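Following: one structure in structure tokens, then a few remarks.
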Amino acid sequence: MTRVFSGIQPTGHLTLGNYLGAMRRWAEADQYRADSLFCVVDLHALTMDHDPARVRRLSRQTATLLLAAGLDPDVCTVFLQSHVDEHTRLSYLLECVASDGEMRRMIQYKEKAAKERERGGSVRLSLLTYPVLMAADILAYGADEVPVGEDQAQHVELTRDLAVRFNQRYGHTFVVPRATLPPVGARVMNLQEPTRKMGKSDDSGAGVVYLLDEPDVVRKKVLRAVTDSGREVVYDREERPGVANLLDVLAACTGGNPESLADVYDSYGSLKKDTAEAVVEVLRPLQARHRELCADPAYVEGVLRDGAEKARAVARPTVDTAYRAIGLLPPVAEPSLSAAG
């Protein structure tokens with residue numbers, strides 16, 4: 001059976017883009033068609049300046065929202081990265097296979113490091129090496145597929161390179177995974193800057209619909225979305241990115257086609273109104289389930305505990321094999337009572 005691994009960082013409140021672009025597909029398709037593991041990659045949230053209490057709070061909220069979106073712990077594995085030691089155990093071995101040049105060529109490292117320097121901050125070493133930890137996240141589980149957005153495709157390519165290199169040097173150890181990109185229609189851009197994706201760590205939330213936004217807040221954000229010059233509703237991502245983004249969101253929420261939906265509307269106002277209501281309706285059951293789960297924290301804790309145990313059982317044999325393959329002695333077992341007697 002195909003194995004799928006995907007993770008999401010608790011670096012901000014989850015957005016409509018996270019849901020339409022990834023979480024909904026995980027819940028409706030991936031968990032049923034494959035042996036699927038979904039991980040809150042909380043260690044990755046430490047690569048930038050952060051508030052420890054906020055990371056803990058967002059980690060719990062992210063896990064709860066994954067369950068609210070429809071991930072079923074009886075069908076798939078949901079867990080926190082930091083609860084499974086195999087991630088960090090394998091990460092160091094892969095650092096011993098990766099090169100400094102590979103790390104510094106990562107586009108996200110260049111962009112995030114530049115922003116940090118502009119702020120006058122220091123760039124943490126973990127920001128440079130986190131693609132190796134991401135590779136460890138994937139390779140530890142023998143994943144065949146990694147559903148990612150276009151911005152993470154380069155990291156999956158690095159993962160493939162490290163797996164092949166390790167296998168060639170030390171013997172076949174890892175499955176070489178492939179990235180699976182989401183459908184183009186699921187791409188959601190910032191409502192105020194429609195050439196930029198809707199990110200959960202945006203400084204301003206004016207163009208971002210968060211999954212826990214109240215319905216009136218959702219409506220206000222969508223109705224204030226930036227559109228384009230002219231009045232004709234046309235689906236053209238290059239020339240009319242604002243309108244195209246609204247059509248993409250409406251299509252993703254209703255199961256329609258953005259090009260066909262463009263023919264239905266003769267004004268931006270009616271398009272915005274229908275898009276706002278469609279988003280509210282999509283989020284309504286998720287928010288209701290989230291309230292139920294928040295009222296039962298012991299259930300969520302149990303899911304994460306059991307998920308970590310299942311994940312550990314999958315990852316440990318592969319990581320132990322990698323340790324032996326690279327030349328490390330296995331730990332000496334304690335002598336049994338019968339042998340000692």
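Each chain of the structure tokens is named A, B, ... in the order shown, its residues numbered from 1; ligands are numbered from 1 in display order.
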Wanna dump the stretch 293-324 of chain A-stretch 152-175 of chain A contacts at 12 Å for me, each residue with its shortest atom pair and the distance in Å to one decimal, counting only C-alpha atoms, ordered by chain and number, as a tab-separated table?
residue	atom	partner	partner_atom	distance
A:Ala315	CA	A:Phe174	CA	11.2
A:Pro317	CA	A:Thr173	CA	10.4
A:Thr318	CA	A:Thr173	CA	7.2
A:Val319	CA	A:Thr173	CA	8.9
A:Asp320	CA	A:Thr173	CA	10.1
A:Thr321	CA	A:Thr173	CA	6.9
A:Ala322	CA	A:Thr173	CA	6.3
A:Tyr323	CA	A:Thr173	CA	10.0
A:Arg324	CA	A:Tyr170	CA	9.3
Write the residues you've just listed into a file as a compact mmCIF listing (two decimals), in the first residue's frame, and include N, CA and C atoms for each of them.
# COMPACT_ATOMS: atom_id res chain seq x y z
N ALA A 315 8.79 4.22 12.30
CA ALA A 315 10.06 4.88 12.00
C ALA A 315 11.28 4.19 12.58
N PRO A 317 12.48 1.06 13.07
CA PRO A 317 13.29 0.07 12.32
C PRO A 317 14.11 0.70 11.20
N THR A 318 13.54 1.68 10.48
CA THR A 318 14.27 2.32 9.39
C THR A 318 15.44 3.12 9.93
N VAL A 319 15.20 3.87 11.00
CA VAL A 319 16.28 4.69 11.57
C VAL A 319 17.36 3.82 12.18
N ASP A 320 16.98 2.75 12.85
CA ASP A 320 17.99 1.83 13.39
C ASP A 320 18.84 1.23 12.26
N THR A 321 18.19 0.90 11.15
CA THR A 321 18.92 0.37 9.99
C THR A 321 19.90 1.40 9.46
N ALA A 322 19.48 2.67 9.41
CA ALA A 322 20.37 3.73 8.93
C ALA A 322 21.57 3.89 9.86
N TYR A 323 21.36 3.77 11.16
CA TYR A 323 22.47 3.90 12.11
C TYR A 323 23.50 2.79 11.87
N ARG A 324 23.02 1.56 11.67
CA ARG A 324 23.95 0.46 11.41
C ARG A 324 24.65 0.65 10.06
Pull the closest atom pair for each residue of stretch 81-177 of chain A that gets at most 12 Å from stretch 193-198 of chain A, along with the distance in Å to one decimal, counting only C-alpha atoms, ordering rows by chain and then ascending residue number, as CSV.
residue,atom,partner,partner_atom,distance
A:Gly149,CA,A:Lys197,CA,10.4
A:Glu150,CA,A:Lys197,CA,10.7
A:Asp151,CA,A:Lys197,CA,9.9
Write to file, as a PDB file, in the first residue's frame, the residues of the selection just made, with C-alpha atoms.
ATOM      1  CA  GLY A 149       2.754  23.007  -2.263  1.00  0.00           C
ATOM      2  CA  GLU A 150       5.026  24.357  -4.972  1.00  0.00           C
ATOM      3  CA  ASP A 151       7.060  26.277  -2.384  1.00  0.00           C
TER       4      ASP A 151
END
Please provide as a VMD selection string all residues within 7 Å of A:Arg178, with the sequence filter that same-chain residues fewer than 3 positions apart are discarded (counting only C-alpha atoms). chain A and resid 144 to 146
Restricting the calculation to only C-alpha atoms: of A:Val78, A:Ala34, A:Val280, A:Val243, which residue gets closest to A:Lys310?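 So, comparing all the options, the nearest one is A:Val78.
Proximity ranking of A:Leu16, A:Leu328, A:Val282, A:Val303 relative to A:Gly207 places A:Leu16 first, based on only C-alpha atoms.
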Filtered DSSP result for stretch 36-241 of chain A, state strand (DSSP E or B), as an mmCIF file with N, CA and C atoms, in the first residue's frame:
data_model
loop_
_atom_site.group_PDB
_atom_site.id
_atom_site.type_symbol
_atom_site.label_atom_id
_atom_site.label_comp_id
_atom_site.auth_asym_id
_atom_site.auth_seq_id
_atom_site.Cartn_x
_atom_site.Cartn_y
_atom_site.Cartn_z
ATOM 1 N N SER A 36 -1.413 6.615 5.658
ATOM 2 C CA SER A 36 -1.097 8.039 5.747
ATOM 3 C C SER A 36 -0.692 8.461 7.150
ATOM 4 N N LEU A 37 0.342 9.301 7.207
ATOM 5 C CA LEU A 37 0.793 9.897 8.454
ATOM 6 C C LEU A 37 0.776 11.411 8.292
ATOM 7 N N PHE A 38 0.130 12.096 9.240
ATOM 8 C CA PHE A 38 0.042 13.555 9.205
ATOM 9 C C PHE A 38 0.606 14.100 10.510
ATOM 10 N N CYS A 39 1.559 14.996 10.365
ATOM 11 C CA CYS A 39 2.392 15.394 11.496
ATOM 12 C C CYS A 39 2.361 16.911 11.687
ATOM 13 N N VAL A 40 2.191 17.339 12.934
ATOM 14 C CA VAL A 40 2.400 18.744 13.279
ATOM 15 C C VAL A 40 3.896 18.894 13.529
ATOM 16 N N THR A 77 -2.628 8.254 10.871
ATOM 17 C CA THR A 77 -1.830 8.530 12.064
ATOM 18 C C THR A 77 -1.609 10.026 12.179
ATOM 19 N N VAL A 78 -2.022 10.608 13.297
ATOM 20 C CA VAL A 78 -1.867 12.035 13.560
ATOM 21 C C VAL A 78 -1.003 12.180 14.804
ATOM 22 N N PHE A 79 0.072 12.976 14.708
ATOM 23 C CA PHE A 79 0.996 13.064 15.832
ATOM 24 C C PHE A 79 1.823 14.336 15.763
ATOM 25 N N LEU A 80 2.569 14.604 16.831
ATOM 26 C CA LEU A 80 3.490 15.727 16.884
ATOM 27 C C LEU A 80 4.914 15.237 16.621
ATOM 28 N N GLU A 145 4.910 9.025 -1.164
ATOM 29 C CA GLU A 145 4.405 10.306 -1.660
ATOM 30 C C GLU A 145 4.427 11.343 -0.550
ATOM 31 N N VAL A 146 4.696 12.594 -0.959
ATOM 32 C CA VAL A 146 4.686 13.713 -0.030
ATOM 33 C C VAL A 146 3.841 14.826 -0.646
ATOM 34 N N PRO A 147 2.592 14.988 -0.219
ATOM 35 C CA PRO A 147 1.774 16.073 -0.759
ATOM 36 C C PRO A 147 2.283 17.419 -0.251
ATOM 37 N N ARG A 178 8.392 10.805 -3.782
ATOM 38 C CA ARG A 178 8.081 11.782 -4.832
ATOM 39 C C ARG A 178 7.079 12.787 -4.279
ATOM 40 N N ALA A 179 7.199 14.008 -4.759
ATOM 41 C CA ALA A 179 6.268 15.060 -4.355
ATOM 42 C C ALA A 179 4.997 14.949 -5.179
ATOM 43 N N THR A 180 3.854 15.158 -4.535
ATOM 44 C CA THR A 180 2.584 15.243 -5.253
ATOM 45 C C THR A 180 2.023 16.633 -4.999
ATOM 46 N N MET A 189 -4.741 32.595 -2.756
ATOM 47 C CA MET A 189 -3.825 33.702 -2.603
ATOM 48 C C MET A 189 -4.361 34.707 -1.581
ATOM 49 N N LYS A 197 0.748 34.023 -1.937
ATOM 50 C CA LYS A 197 -0.120 33.005 -1.350
ATOM 51 C C LYS A 197 -0.616 33.433 0.027
ATOM 52 N N TYR A 210 -8.676 33.056 8.328
ATOM 53 C CA TYR A 210 -8.254 32.001 9.250
ATOM 54 C C TYR A 210 -9.403 31.028 9.488
#
List as a PyMOL selection string the protein and nucleic acid residues near A:Gly17, meaning an atom at most 9 Å away when only C-alpha atoms are counted, but skip any in the same chain fewer than 2 places from it. chain A and resi 14-15+19-22+186-190+197-200+208-210+249
So that I have them on file, write out the residues from the current selection with N, CA, C and O atoms, as a PDB file, in the first residue's frame.
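Result file part-v3.pdb:
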ATOM      1  N   LEU A  14      -3.998  28.457  11.300  1.00  0.00           N
ATOM      2  CA  LEU A  14      -4.234  27.847   9.995  1.00  0.00           C
ATOM      3  C   LEU A  14      -5.263  28.653   9.206  1.00  0.00           C
ATOM      4  O   LEU A  14      -6.178  29.251   9.760  1.00  0.00           O
ATOM      5  N   THR A  15      -5.091  28.637   7.892  1.00  0.00           N
ATOM      6  CA  THR A  15      -5.870  29.496   7.015  1.00  0.00           C
ATOM      7  C   THR A  15      -6.739  28.700   6.045  1.00  0.00           C
ATOM      8  O   THR A  15      -6.606  27.475   5.908  1.00  0.00           O
ATOM      9  N   TYR A  19      -6.503  24.791   4.367  1.00  0.00           N
ATOM     10  CA  TYR A  19      -7.604  23.837   4.289  1.00  0.00           C
ATOM     11  C   TYR A  19      -7.901  23.421   2.849  1.00  0.00           C
ATOM     12  O   TYR A  19      -7.909  22.233   2.523  1.00  0.00           O
ATOM     13  N   LEU A  20      -8.130  24.413   1.971  1.00  0.00           N
ATOM     14  CA  LEU A  20      -8.490  24.090   0.589  1.00  0.00           C
ATOM     15  C   LEU A  20      -7.310  23.500  -0.182  1.00  0.00           C
ATOM     16  O   LEU A  20      -7.496  22.682  -1.080  1.00  0.00           O
ATOM     17  N   GLY A  21      -6.092  23.920   0.166  1.00  0.00           N
ATOM     18  CA  GLY A  21      -4.924  23.466  -0.570  1.00  0.00           C
ATOM     19  C   GLY A  21      -4.371  22.137  -0.115  1.00  0.00           C
ATOM     20  O   GLY A  21      -3.691  21.449  -0.876  1.00  0.00           O
ATOM     21  N   ALA A  22      -4.667  21.735   1.135  1.00  0.00           N
ATOM     22  CA  ALA A  22      -4.050  20.509   1.648  1.00  0.00           C
ATOM     23  C   ALA A  22      -4.973  19.711   2.564  1.00  0.00           C
ATOM     24  O   ALA A  22      -5.272  18.546   2.304  1.00  0.00           O
ATOM     25  N   ALA A 186      -6.901  24.571  -6.322  1.00  0.00           N
ATOM     26  CA  ALA A 186      -6.932  24.679  -4.871  1.00  0.00           C
ATOM     27  C   ALA A 186      -6.002  25.758  -4.348  1.00  0.00           C
ATOM     28  O   ALA A 186      -5.926  25.979  -3.148  1.00  0.00           O
ATOM     29  N   ARG A 187      -5.279  26.434  -5.227  1.00  0.00           N
ATOM     30  CA  ARG A 187      -4.352  27.471  -4.796  1.00  0.00           C
ATOM     31  C   ARG A 187      -5.135  28.686  -4.297  1.00  0.00           C
ATOM     32  O   ARG A 187      -6.034  29.179  -4.973  1.00  0.00           O
ATOM     33  N   VAL A 188      -4.795  29.168  -3.113  1.00  0.00           N
ATOM     34  CA  VAL A 188      -5.493  30.307  -2.524  1.00  0.00           C
ATOM     35  C   VAL A 188      -4.469  31.395  -2.233  1.00  0.00           C
ATOM     36  O   VAL A 188      -3.475  31.169  -1.549  1.00  0.00           O
ATOM     37  N   MET A 189      -4.741  32.595  -2.756  1.00  0.00           N
ATOM     38  CA  MET A 189      -3.825  33.702  -2.603  1.00  0.00           C
ATOM     39  C   MET A 189      -4.361  34.707  -1.581  1.00  0.00           C
ATOM     40  O   MET A 189      -5.545  34.694  -1.212  1.00  0.00           O
ATOM     41  N   ASN A 190      -3.473  35.580  -1.121  1.00  0.00           N
ATOM     42  CA  ASN A 190      -3.838  36.620  -0.166  1.00  0.00           C
ATOM     43  C   ASN A 190      -4.890  37.539  -0.776  1.00  0.00           C
ATOM     44  O   ASN A 190      -4.746  37.989  -1.913  1.00  0.00           O
ATOM     45  N   LYS A 197       0.748  34.023  -1.937  1.00  0.00           N
ATOM     46  CA  LYS A 197      -0.120  33.005  -1.350  1.00  0.00           C
ATOM     47  C   LYS A 197      -0.616  33.433   0.027  1.00  0.00           C
ATOM     48  O   LYS A 197       0.007  34.257   0.702  1.00  0.00           O
ATOM     49  N   MET A 198      -1.750  32.876   0.420  1.00  0.00           N
ATOM     50  CA  MET A 198      -2.336  33.150   1.726  1.00  0.00           C
ATOM     51  C   MET A 198      -1.550  32.384   2.774  1.00  0.00           C
ATOM     52  O   MET A 198      -1.683  31.161   2.891  1.00  0.00           O
ATOM     53  N   GLY A 199      -0.685  33.075   3.514  1.00  0.00           N
ATOM     54  CA  GLY A 199       0.195  32.414   4.474  1.00  0.00           C
ATOM     55  C   GLY A 199      -0.257  32.623   5.904  1.00  0.00           C
ATOM     56  O   GLY A 199      -0.713  33.703   6.271  1.00  0.00           O
ATOM     57  N   LYS A 200      -0.074  31.598   6.748  1.00  0.00           N
ATOM     58  CA  LYS A 200      -0.516  31.687   8.130  1.00  0.00           C
ATOM     59  C   LYS A 200       0.379  32.568   8.979  1.00  0.00           C
ATOM     60  O   LYS A 200      -0.009  32.980  10.072  1.00  0.00           O
ATOM     61  N   VAL A 208      -6.071  37.487   4.895  1.00  0.00           N
ATOM     62  CA  VAL A 208      -5.997  36.071   5.254  1.00  0.00           C
ATOM     63  C   VAL A 208      -7.274  35.653   5.974  1.00  0.00           C
ATOM     64  O   VAL A 208      -7.656  36.261   6.977  1.00  0.00           O
ATOM     65  N   VAL A 209      -7.926  34.629   5.479  1.00  0.00           N
ATOM     66  CA  VAL A 209      -9.076  34.049   6.170  1.00  0.00           C
ATOM     67  C   VAL A 209      -8.565  32.896   7.025  1.00  0.00           C
ATOM     68  O   VAL A 209      -8.047  31.902   6.499  1.00  0.00           O
ATOM     69  N   TYR A 210      -8.676  33.056   8.328  1.00  0.00           N
ATOM     70  CA  TYR A 210      -8.254  32.001   9.250  1.00  0.00           C
ATOM     71  C   TYR A 210      -9.403  31.028   9.488  1.00  0.00           C
ATOM     72  O   TYR A 210     -10.575  31.416   9.440  1.00  0.00           O
ATOM     73  N   VAL A 249     -11.281  30.495  -5.232  1.00  0.00           N
ATOM     74  CA  VAL A 249     -11.814  30.180  -3.907  1.00  0.00           C
ATOM     75  C   VAL A 249     -13.252  29.694  -4.017  1.00  0.00           C
ATOM     76  O   VAL A 249     -13.639  28.684  -3.413  1.00  0.00           O
TER      77      VAL A 249
END
So which bits of stretch 16-128 of chain A end up helix (DSSP H, G or I) when you DSSP the backbone, as a PyMOL selection string? chain A and resi 16-33+42-46+52-68+81-83+86-95+100-104+107-118+125-128
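The two atoms in question, atom CA of A:Arg3 and atom CA of A:Ala63, are spaced 20.3 Å apart.
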List the spatial neighbours of A:Ala98 as JSON, numbers by chain - criterion: any atom at most 8 Å away, only C-alpha atoms, same-chain residues fewer than 3 positions off excluded. {"A": [94, 95, 102, 103, 132, 162]}
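Picture a line from atom CA of A:Glu116 to atom CA of A:His50; it runs 12.7 Å.
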Would you compute the distance between atom CA of A:Arg316 and atom CA of A:Leu46? Give it in Å to one decimal.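 According to the coordinates, atom CA of A:Arg316 and atom CA of A:Leu46 are separated by 23.8 Å.
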Write out as a ChimeraX atom specification which residues come within 6 Å of stretch 262-272 of chain A when counting only C-alpha atoms, dropping same-chain ones fewer than 3 positions away. /A:223,233-234,259,275
Hey, which of A:Val332, A:Val217, A:Ala136, A:Arg60 ends up closest to A:Tyr92? Count only C-alpha atoms.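 Ranking A:Val332, A:Val217, A:Ala136, A:Arg60 by distance to A:Tyr92, first place goes to A:Ala136.
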